[in-house]
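Engineer: So that you have it, the file is coords_2.pdb, and it contains PDB, C-alpha atoms:
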MODEL        1
ATOM      1  CA  MET B   1     -21.837  49.129  -0.989
ATOM      2  CA  ASN B   2     -24.760  50.224  -3.137
ATOM      3  CA  GLN B   3     -26.856  53.079  -1.850
ATOM      4  CA  LEU B   4     -30.524  53.337  -2.705
ATOM      5  CA  SER B   5     -31.247  56.528  -4.611
ATOM      6  CA  PHE B   6     -34.211  58.662  -3.612
ATOM      7  CA  PHE B   7     -35.320  58.485  -7.263
ATOM      8  CA  SER B   8     -34.767  54.743  -7.663
ATOM      9  CA  ALA B   9     -37.492  52.390  -8.810
ATOM     10  CA  GLU B  10     -37.086  50.579  -5.491
ATOM     11  CA  ALA B  11     -38.022  53.773  -3.584
ATOM     12  CA  VAL B  12     -41.273  54.449  -5.474
ATOM     13  CA  PRO B  13     -44.480  52.480  -4.803
ATOM     14  CA  PRO B  14     -45.677  50.251  -7.677
ATOM     15  CA  ALA B  15     -48.546  51.465  -9.879
ATOM     16  CA  VAL B  16     -50.337  50.409 -13.050
ATOM     17  CA  SER B  17     -48.657  53.352 -14.802
ATOM     18  CA  ASP B  18     -45.325  51.476 -14.439
ATOM     19  CA  LEU B  19     -46.420  49.422 -17.441
ATOM     20  CA  SER B  20     -46.016  52.518 -19.644
ATOM     21  CA  GLY B  21     -42.343  51.521 -19.780
ATOM     22  CA  LEU B  22     -43.331  48.294 -21.538
ATOM     23  CA  LEU B  23     -45.219  50.348 -24.114
ATOM     24  CA  ALA B  24     -42.199  52.619 -24.591
ATOM     25  CA  ALA B  25     -40.381  49.429 -25.572
ATOM     26  CA  GLN B  26     -41.943  46.836 -27.879
ATOM     27  CA  GLY B  27     -45.010  46.289 -25.672
ATOM     28  CA  GLN B  28     -48.513  46.321 -27.104
ATOM     29  CA  VAL B  29     -51.893  47.211 -25.693
ATOM     30  CA  SER B  30     -55.248  45.850 -26.787
ATOM     31  CA  VAL B  31     -58.638  47.221 -25.791
ATOM     32  CA  THR B  32     -61.984  45.449 -25.591
ATOM     33  CA  ALA B  33     -65.190  46.818 -24.042
ATOM     34  CA  GLY B  34     -63.658  49.107 -21.416
ATOM     35  CA  ARG B  35     -60.888  46.666 -20.588
ATOM     36  CA  ALA B  36     -57.288  46.533 -21.739
ATOM     37  CA  ARG B  37     -54.395  44.092 -21.815
ATOM     38  CA  VAL B  38     -50.703  44.909 -22.001
ATOM     39  CA  SER B  39     -48.350  42.354 -23.529
ATOM     40  CA  VAL B  40     -44.679  42.304 -24.424
ATOM     41  CA  VAL B  41     -42.507  39.793 -26.254
ATOM     42  CA  VAL B  42     -38.991  39.663 -24.813
ATOM     43  CA  ASP B  43     -35.791  37.940 -25.853
ATOM     44  CA  ALA B  44     -34.940  35.994 -22.689
ATOM     45  CA  PRO B  45     -36.671  34.092 -19.873
ATOM     46  CA  TRP B  46     -35.073  36.312 -17.192
ATOM     47  CA  ARG B  47     -36.740  39.325 -18.806
ATOM     48  CA  ALA B  48     -40.117  37.574 -18.835
ATOM     49  CA  GLU B  49     -39.803  36.677 -15.151
ATOM     50  CA  ALA B  50     -38.720  40.207 -14.172
ATOM     51  CA  VAL B  51     -41.506  41.842 -16.196
ATOM     52  CA  ALA B  52     -44.072  39.438 -14.703
ATOM     53  CA  GLU B  53     -42.852  40.369 -11.217
ATOM     54  CA  LEU B  54     -43.179  44.072 -12.033
ATOM     55  CA  ILE B  55     -46.741  43.512 -13.304
ATOM     56  CA  GLU B  56     -47.675  41.645 -10.137
ATOM     57  CA  GLU B  57     -46.113  44.352  -7.950
ATOM     58  CA  ALA B  58     -48.499  46.778  -9.695
ATOM     59  CA  GLY B  59     -51.428  44.672  -8.440
ATOM     60  CA  LEU B  60     -52.217  42.817 -11.675
ATOM     61  CA  VAL B  61     -51.988  39.167 -12.651
ATOM     62  CA  ALA B  62     -49.170  38.302 -15.064
ATOM     63  CA  GLU B  63     -49.041  35.360 -17.433
ATOM     64  CA  ILE B  64     -45.893  34.082 -19.126
ATOM     65  CA  ALA B  65     -46.419  32.243 -22.401
ATOM     66  CA  ARG B  66     -44.696  31.877 -25.791
ATOM     67  CA  SER B  67     -45.194  34.040 -28.869
ATOM     68  CA  ASP B  68     -45.950  32.452 -32.233
ATOM     69  CA  GLU B  69     -42.205  32.722 -32.955
ATOM     70  CA  GLY B  70     -41.326  30.912 -29.708
ATOM     71  CA  SER B  71     -40.072  33.937 -27.727
ATOM     72  CA  PRO B  72     -41.128  34.587 -24.125
ATOM     73  CA  LEU B  73     -44.360  36.592 -23.954
ATOM     74  CA  VAL B  74     -45.626  38.314 -20.822
ATOM     75  CA  ARG B  75     -49.137  39.684 -20.605
ATOM     76  CA  THR B  76     -51.693  40.924 -18.168
ATOM     77  CA  ALA B  77     -55.289  39.850 -18.056
ATOM     78  CA  SER B  78     -57.742  42.126 -19.840
ATOM     79  CA  VAL B  79     -58.824  44.380 -16.963
ATOM     80  CA  PRO B  80     -60.577  47.741 -16.479
ATOM     81  CA  GLU B  81     -57.576  49.052 -14.494
ATOM     82  CA  LEU B  82     -55.554  49.271 -17.738
ATOM     83  CA  ALA B  83     -58.191  51.114 -19.804
ATOM     84  CA  ALA B  84     -56.854  54.590 -18.942
ATOM     85  CA  LEU B  85     -53.268  53.577 -19.769
ATOM     86  CA  ALA B  86     -54.445  52.122 -23.083
ATOM     87  CA  ALA B  87     -56.325  55.321 -23.934
ATOM     88  CA  GLN B  88     -53.214  57.412 -23.188
ATOM     89  CA  TRP B  89     -50.932  55.213 -25.333
ATOM     90  CA  THR B  90     -53.107  54.853 -28.444
ATOM     91  CA  LYS B  91     -54.295  57.136 -31.188
ATOM     92  CA  GLY B  92     -56.999  55.209 -32.993
ATOM     93  CA  ALA B  93     -55.558  51.719 -33.335
ATOM     94  CA  VAL B  94     -51.938  52.923 -33.395
ATOM     95  CA  LYS B  95     -49.513  53.075 -30.463
ATOM     96  CA  ALA B  96     -48.627  56.695 -29.637
ATOM     97  CA  VAL B  97     -46.670  58.282 -26.798
ATOM     98  CA  PRO B  98     -48.860  60.495 -24.593
ATOM     99  CA  ALA B  99     -48.174  64.230 -25.001
ATOM    100  CA  GLY B 100     -45.656  65.396 -22.429
ATOM    101  CA  TRP B 101     -44.959  61.893 -21.101
ATOM    102  CA  ILE B 102     -41.923  61.708 -18.841
ATOM    103  CA  PRO B 103     -40.939  58.216 -17.691
ATOM    104  CA  ASP B 104     -40.647  57.927 -13.933
ATOM    105  CA  SER B 105     -38.186  55.544 -12.321
ATOM    106  CA  ARG B 106     -40.490  52.502 -12.346
ATOM    107  CA  ALA B 107     -41.492  53.054 -16.000
ATOM    108  CA  LEU B 108     -37.780  53.348 -16.859
ATOM    109  CA  ARG B 109     -37.127  50.098 -14.996
ATOM    110  CA  ALA B 110     -39.914  48.356 -16.925
ATOM    111  CA  TRP B 111     -38.422  49.665 -20.176
ATOM    112  CA  ALA B 112     -34.940  48.447 -19.209
ATOM    113  CA  LEU B 113     -36.294  45.035 -18.174
ATOM    114  CA  ALA B 114     -38.192  44.587 -21.429
ATOM    115  CA  ALA B 115     -35.665  45.985 -23.884
ATOM    116  CA  GLY B 116     -32.492  47.312 -22.279
ATOM    117  CA  ARG B 117     -29.090  46.101 -23.396
ATOM    118  CA  SER B 118     -25.522  46.937 -22.551
ATOM    119  CA  GLU B 119     -23.152  47.847 -25.390
ATOM    120  CA  GLY B 120     -19.404  47.903 -25.752
ATOM    121  CA  GLU B 121     -17.593  47.291 -22.496
ATOM    122  CA  GLY B 122     -20.671  48.408 -20.579
ATOM    123  CA  ASP B 123     -19.915  52.062 -21.292
ATOM    124  CA  ARG B 124     -23.149  52.439 -23.278
ATOM    125  CA  PHE B 125     -26.700  51.271 -22.665
ATOM    126  CA  VAL B 126     -29.570  51.067 -25.139
ATOM    127  CA  LEU B 127     -33.273  51.209 -24.341
ATOM    128  CA  GLY B 128     -34.867  49.307 -27.205
ATOM    129  CA  LEU B 129     -37.717  50.792 -29.213
ATOM    130  CA  ASP B 130     -40.654  49.183 -31.016
ATOM    131  CA  PRO B 131     -39.558  48.559 -34.622
ATOM    132  CA  HIS B 132     -43.252  48.499 -35.616
ATOM    133  CA  ALA B 133     -43.931  51.990 -34.206
ATOM    134  CA  PRO B 134     -41.245  54.245 -35.745
ATOM    135  CA  ASP B 135     -43.315  57.389 -35.134
ATOM    136  CA  THR B 136     -42.811  56.884 -31.385
ATOM    137  CA  HIS B 137     -38.991  56.916 -31.581
ATOM    138  CA  PRO B 138     -38.273  60.689 -31.694
ATOM    139  CA  VAL B 139     -41.037  61.379 -29.162
ATOM    140  CA  LEU B 140     -39.547  58.824 -26.746
ATOM    141  CA  ALA B 141     -36.111  60.404 -27.202
ATOM    142  CA  GLN B 142     -37.620  63.742 -26.119
ATOM    143  CA  SER B 143     -39.395  62.056 -23.201
ATOM    144  CA  LEU B 144     -36.122  60.582 -21.978
ATOM    145  CA  MET B 145     -34.453  64.001 -22.289
ATOM    146  CA  ARG B 146     -37.218  65.499 -20.139
ATOM    147  CA  ALA B 147     -36.403  62.805 -17.563
ATOM    148  CA  GLY B 148     -32.855  64.170 -17.445
ATOM    149  CA  ILE B 149     -31.162  61.476 -19.539
ATOM    150  CA  ALA B 150     -30.055  62.660 -22.989
ATOM    151  CA  PRO B 151     -30.002  59.731 -25.449
ATOM    152  CA  THR B 152     -28.932  59.286 -29.040
ATOM    153  CA  LEU B 153     -31.537  57.765 -31.349
ATOM    154  CA  ILE B 154     -30.015  54.829 -33.212
ATOM    155  CA  GLY B 155     -31.457  53.183 -36.304
ATOM    156  CA  THR B 156     -32.596  49.748 -37.345
ATOM    157  CA  ARG B 157     -29.183  48.294 -38.137
ATOM    158  CA  GLY B 158     -27.806  45.608 -35.865
ATOM    159  CA  ALA B 159     -29.907  44.866 -32.814
ATOM    160  CA  GLY B 160     -32.756  47.210 -33.775
ATOM    161  CA  PRO B 161     -33.860  50.757 -33.011
ATOM    162  CA  GLY B 162     -33.109  52.219 -29.631
ATOM    163  CA  LEU B 163     -32.083  55.128 -27.491
ATOM    164  CA  ARG B 164     -28.371  54.905 -26.678
ATOM    165  CA  ILE B 165     -27.191  56.377 -23.395
ATOM    166  CA  ALA B 166     -23.455  57.020 -23.177
ATOM    167  CA  GLY B 167     -21.223  58.789 -20.706
ATOM    168  CA  HIS B 168     -20.641  58.172 -17.045
ATOM    169  CA  LYS B 169     -22.994  60.900 -15.745
ATOM    170  CA  ARG B 170     -25.882  59.812 -17.971
ATOM    171  CA  LEU B 171     -25.408  56.150 -17.083
ATOM    172  CA  MET B 172     -25.256  57.043 -13.377
ATOM    173  CA  ARG B 173     -28.516  58.968 -13.707
ATOM    174  CA  LEU B 174     -30.128  55.997 -15.456
ATOM    175  CA  VAL B 175     -28.921  53.504 -12.839
ATOM    176  CA  GLU B 176     -30.093  55.802 -10.035
ATOM    177  CA  ASN B 177     -33.550  55.597 -11.582
ATOM    178  CA  ILE B 178     -33.851  51.944 -12.615
ATOM    179  CA  GLY B 179     -32.124  50.417  -9.607
ATOM    180  CA  GLN B 180     -30.134  47.217  -9.535
ATOM    181  CA  ALA B 181     -30.366  44.396 -12.051
ATOM    182  CA  PRO B 182     -32.500  41.373 -11.203
ATOM    183  CA  ASP B 183     -30.465  38.720  -9.399
ATOM    184  CA  ARG B 184     -29.582  36.709 -12.506
ATOM    185  CA  GLU B 185     -26.221  36.585 -14.300
ATOM    186  CA  GLU B 186     -27.845  37.318 -17.686
ATOM    187  CA  ALA B 187     -29.595  40.356 -16.200
ATOM    188  CA  ARG B 188     -26.379  41.719 -14.673
ATOM    189  CA  GLU B 189     -24.634  41.356 -18.056
ATOM    190  CA  ALA B 190     -27.420  43.301 -19.816
ATOM    191  CA  TRP B 191     -27.662  46.035 -17.136
ATOM    192  CA  PRO B 192     -25.802  49.369 -17.303
ATOM    193  CA  GLN B 193     -22.307  49.237 -15.801
ATOM    194  CA  VAL B 194     -21.147  52.229 -13.773
TER     195      VAL B 194
ENDMDL
END
Re-express the file's structure as structure tokens.

Structural biologist:
Amino acid sequence: MNQLSFFSAEAVPPAVSDLSGLLAAQGQVSVTAGRARVSVVVDAPWRAEAVAELIEEAGLVAEIARSDEGSPLVRTASVPELAALAAQWTKGAVKAVPAGWIPDSRALRAWALAAGRSEGEGDRFVLGLDPHAPDTHPVLAQSLMRAGIAPTLIGTRGAGPGLRIAGHKRLMRLVENIGQAPDREEAREAWPQV
């Protein structure tokens, strides 16, 4: 029997700030005249559906489309509600992690949905990072440490840059925060195993 953690994403009310987890991953934000749009290209349809659901839970409209390369793309409409998030996550025209940012459980869930992957026999989990924003990688590692989950920063070989979480206690802490995998076989295979 699974017990809902007090810190779990399922126990916290949805908010627009949940989308910060998409920006911690490979998500992008664009700003136009006091409005902003968040978008993220993912590698599987289940991820697109789960991210769209998370966006809608936060009170925004989600659209699923295809990127120019043919991958699933999820985006919000350009809305004023995202302007503050965009301002926090950009420095000029460049994506930057807000000073002192600590991902809460719903932001961690968004990050895992967009770019999380299981490694080995499920004894390691990687939160993917934006390969086009390498300056964010060490800052996000520190942010995850402040959230109580010590990761190892891994490079661009193989499946791309990410923050690897290993060890039973760390994986338990992560799962307590992000909750259960979406009800899809592909999602369960990609989710941390504890």

Engineer: For Arg170 in chain B, which residue out of B:Glu56, B:Asp104, B:Asp123, B:Asp135 is the nearest one, using all atoms listed in the file?

Structural biologist: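 Looking at the shortest contact to Arg170 in chain B, the residue is B:Asp123.
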
Engineer: Once the PyMOL selection byres ((chain B and resi 175) around 9) has been applied to the shown file, what residues remain in the selection, as a CSV table (one decimal) with C-alpha atoms, keeping the file's coordinate frame?

Structural biologist:
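Just written: part-v1.csv:
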chain,number,residue,atom,x,y,z
B,8,SER,CA,-34.8,54.7,-7.7
B,170,ARG,CA,-25.9,59.8,-18.0
B,171,LEU,CA,-25.4,56.2,-17.1
B,172,MET,CA,-25.3,57.0,-13.4
B,173,ARG,CA,-28.5,59.0,-13.7
B,174,LEU,CA,-30.1,56.0,-15.5
B,176,GLU,CA,-30.1,55.8,-10.0
B,177,ASN,CA,-33.6,55.6,-11.6
B,178,ILE,CA,-33.9,51.9,-12.6
B,179,GLY,CA,-32.1,50.4,-9.6
B,180,GLN,CA,-30.1,47.2,-9.5
B,191,TRP,CA,-27.7,46.0,-17.1
B,192,PRO,CA,-25.8,49.4,-17.3
B,193,GLN,CA,-22.3,49.2,-15.8
B,194,VAL,CA,-21.1,52.2,-13.8

Engineer: Can you list what the PyMOL selection byres ((chain B and resi 184) around 12) grabs from this structure, as a short mmCIF file (atom, residue, chain, number, x, y, z; two decimals) with C-alpha atoms, keeping the file's coordinate frame?

Structural biologist:
data_model
loop_
_atom_site.label_atom_id
_atom_site.label_comp_id
_atom_site.auth_asym_id
_atom_site.auth_seq_id
_atom_site.Cartn_x
_atom_site.Cartn_y
_atom_site.Cartn_z
CA ALA B 44 -34.94 35.99 -22.69
CA PRO B 45 -36.67 34.09 -19.87
CA TRP B 46 -35.07 36.31 -17.19
CA ARG B 47 -36.74 39.33 -18.81
CA GLU B 49 -39.80 36.68 -15.15
CA ALA B 50 -38.72 40.21 -14.17
CA GLN B 180 -30.13 47.22 -9.54
CA ALA B 181 -30.37 44.40 -12.05
CA PRO B 182 -32.50 41.37 -11.20
CA ASP B 183 -30.46 38.72 -9.40
CA GLU B 185 -26.22 36.58 -14.30
CA GLU B 186 -27.84 37.32 -17.69
CA ALA B 187 -29.60 40.36 -16.20
CA ARG B 188 -26.38 41.72 -14.67
CA GLU B 189 -24.63 41.36 -18.06
CA ALA B 190 -27.42 43.30 -19.82
CA TRP B 191 -27.66 46.04 -17.14
#

Engineer: Quick one: residues within 8 Å of Arg35 in chain B, only C-alpha atoms counted, chain neighbours fewer than 5 positions away excluded, as a list of chain:residue names?

Structural biologist: B:Ser78, B:Val79, B:Pro80, B:Glu81, B:Leu82, B:Ala83

Engineer: Can you tell me, as an MDAnalysis selection string, what residues are no more than 12 Å from Leu108 in chain B when counting only C-alpha atoms, ignoring any on the same chain fewer than 2 positions away?

Structural biologist: chainID B and resid 7:10 12 17:25 54 101:106 110:116 126:128 140 143:144 147:149 173:179

Engineer: Looking at B:Arg66, B:His132, B:Arg124, B:Lys169, which one is nearest to Gly27 in chain B, with distances taken over all atoms listed in the file?

Structural biologist: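 Looking only at the distances to Gly27 in chain B, the closest residue turns out to be B:His132.
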
Engineer: With distances taken over all atoms listed in the file, which of B:Val42, B:Ala93, B:Leu163, B:Ala107 is nearest to His137 in chain B?

Structural biologist: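 Residue with the minimum atom-to-atom distance to His137 in chain B: B:Leu163.
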
Engineer: For the atom pair CA of Gln26 in chain B and CA of Gly155 in chain B, what is the interatomic distance in Å to one decimal place?

Structural biologist: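 Computing it gives 14.9 Å between the two atoms.
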
Engineer: Please enumerate the residues selected by the PyMOL selection byres ((chain B and resi 73) around 10) when evaluated against the supplied file, formatted as an NGL selection string.

Structural biologist: :B and (27 or 39-45 or 47-49 or 51-52 or 63-68 or 70-72 or 74-75)

Engineer: What is the distance between CA of Pro161 in chain B and CA of Thr76 in chain B, in Å to one decimal?

Structural biologist: 25.2 Å
